[in-house]
Structures are given as C-alpha cells and as structure tokens.
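Right, one structure below, let's go through it.
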Amino acid sequence: MTSNVVLLDNLLAQYGPEANDERNLLRRAIVVLADRMWREKSSEVAKANPFEASAVSEAFFAKLQELSPQNDSQRSLQARAIQIATDIAQTRLSLFAQTNNSIPMPFLVVLIFWLTIIFGSFGLFAKPSATVFGSLFVFALSAAGAIYLVLELGQPFAGLMQISSAPLRSALTPLGP
C-alpha cells in the first residue's frame, strides 16, 4: 500500500501543477486511512464503518476523475493514477475485511482440548516427581505461548505484535507539492 501511495504521488507530480490539490488531498486521505487501520485517535475514527471510504478519500477520487488532461501524456498519467487509487481502495477493503480473528473458536477449543489430553497422558505414564511436574509445566507454558502468538498474529493492526504504521506514515514525508 505504501509503494502505491508513493507511486500515485509521483504520477500526480508528473501530471503537473494542476494536480497539486489532488496531492494535498492524497496526503490528508492517507493520514485518515492510517488512523482508521491502526485505530489511533480512536474516539471518532474507530466508530466509522470500516468499509466506507472517508470523506477525504471520496473527495480525492472525485478530484482525480475531474482532472482535465491537455495531452496524451496527461491522459495516460490520469488513467494510471485512477487505477492505482482503485488498487489502494481494494487493498484497504481487503485489510478491513480481514480484521476479525482468523482462528475460529471451535478450532481453538479443540486444539486446547487436544493439548490437554496429550499432556494429561504424559502424566499418566510418569512417576510423580518434581522433574515430571516441572517438564509438564514448561511444555504447557510453551503450548500456551504458541497459541497466544497465533491469536496475536490474527490481529495485525493491534496488540503486542502489530504491523507498524511507520512505513505508511513515512511515505507522507516526501509528498510535497
């Protein structure tokens, strides 16, 4: 997504000074997009329907389509810019569609039950001792940690192991008029 934003800005820069308004709208739209994806400043941002484009994004796309190319080069740049803006919107929709937990609850319940039976069966055949209890504790802790990490990876924009918003936000830095 970040590379598409930079490419879109470069295409608009090549289009000429007529596209400076669109570039400024792109900058504002990306800030809103990043805030919604990472649920930062979540007072109003998180309440918005994730499948609806923001007002700034809609204004950007409308202004992009309203550009009036003066030559074939500008027509080509406008067509490519519209295609890339559409690709960014599709990526955004895909990301918001996948924000729910990717591990179904019945699978998780069966996995925990299965691990409990396995660890219980290990304890049946071992003579009770501190070593056995210590080993079972370490194994159980390891399995619990693995399940936690799998659940954590199911939420890429929140939690302990989240995808950083820095690349998308740093892409905004070179977006100058």
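By convention here, the chains of the structure tokens are called A, B, ... in the order presented, each chain's residues are numbered starting at 1, and ligands are numbered starting at 1 in the order presented.
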
**Report entry** Nearby residues (only C-alpha atoms) at most 12 Å from range 142-158 of chain A, same-chain spacing under 2 positions excluded, as a VMD selection string
**Finding:** chain A and resid 34 to 40 95 to 105 107 to 109 111 to 116 118 to 119 135 to 140 160 to 165

Report task. Pull the alpha helix (DSSP H) assignments for chain A out of DSSP run on the backbone, and list those residues as a VMD selection string. Result -> chain A and resid 2 to 15 20 to 37 55 to 66 72 to 97 105 to 124 130 to 153 166 to 170

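In this comparison, which uses only C-alpha atoms, the residue of A:Leu8, A:Ala55, A:Leu64, A:Met1 approaching Glu22 in chain A most closely is A:Leu64.
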
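Across the structure, CA of Asp21 in chain A and CA of Ser94 in chain A are spaced 27.5 Å apart.
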
Requested in this report: Could you tell me which of A:Phe60, A:Phe122, A:Tyr15, A:Phe133 comes closest to Gln74 in chain A if we count only C-alpha atoms?
Outcome: A:Tyr15

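Proximity to Asn10 in chain A was assessed for A:Leu141, A:Ala166, A:Arg23, A:Pro69 counting only C-alpha atoms; the smallest distance is recorded for A:Arg23.
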
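What separates CA of Leu93 in chain A from CA of Arg75 in chain A is a distance of 27.1 Å.
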
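Across the structure, CA of Gln83 in chain A and CA of Leu11 in chain A are spaced 11.3 Å apart.
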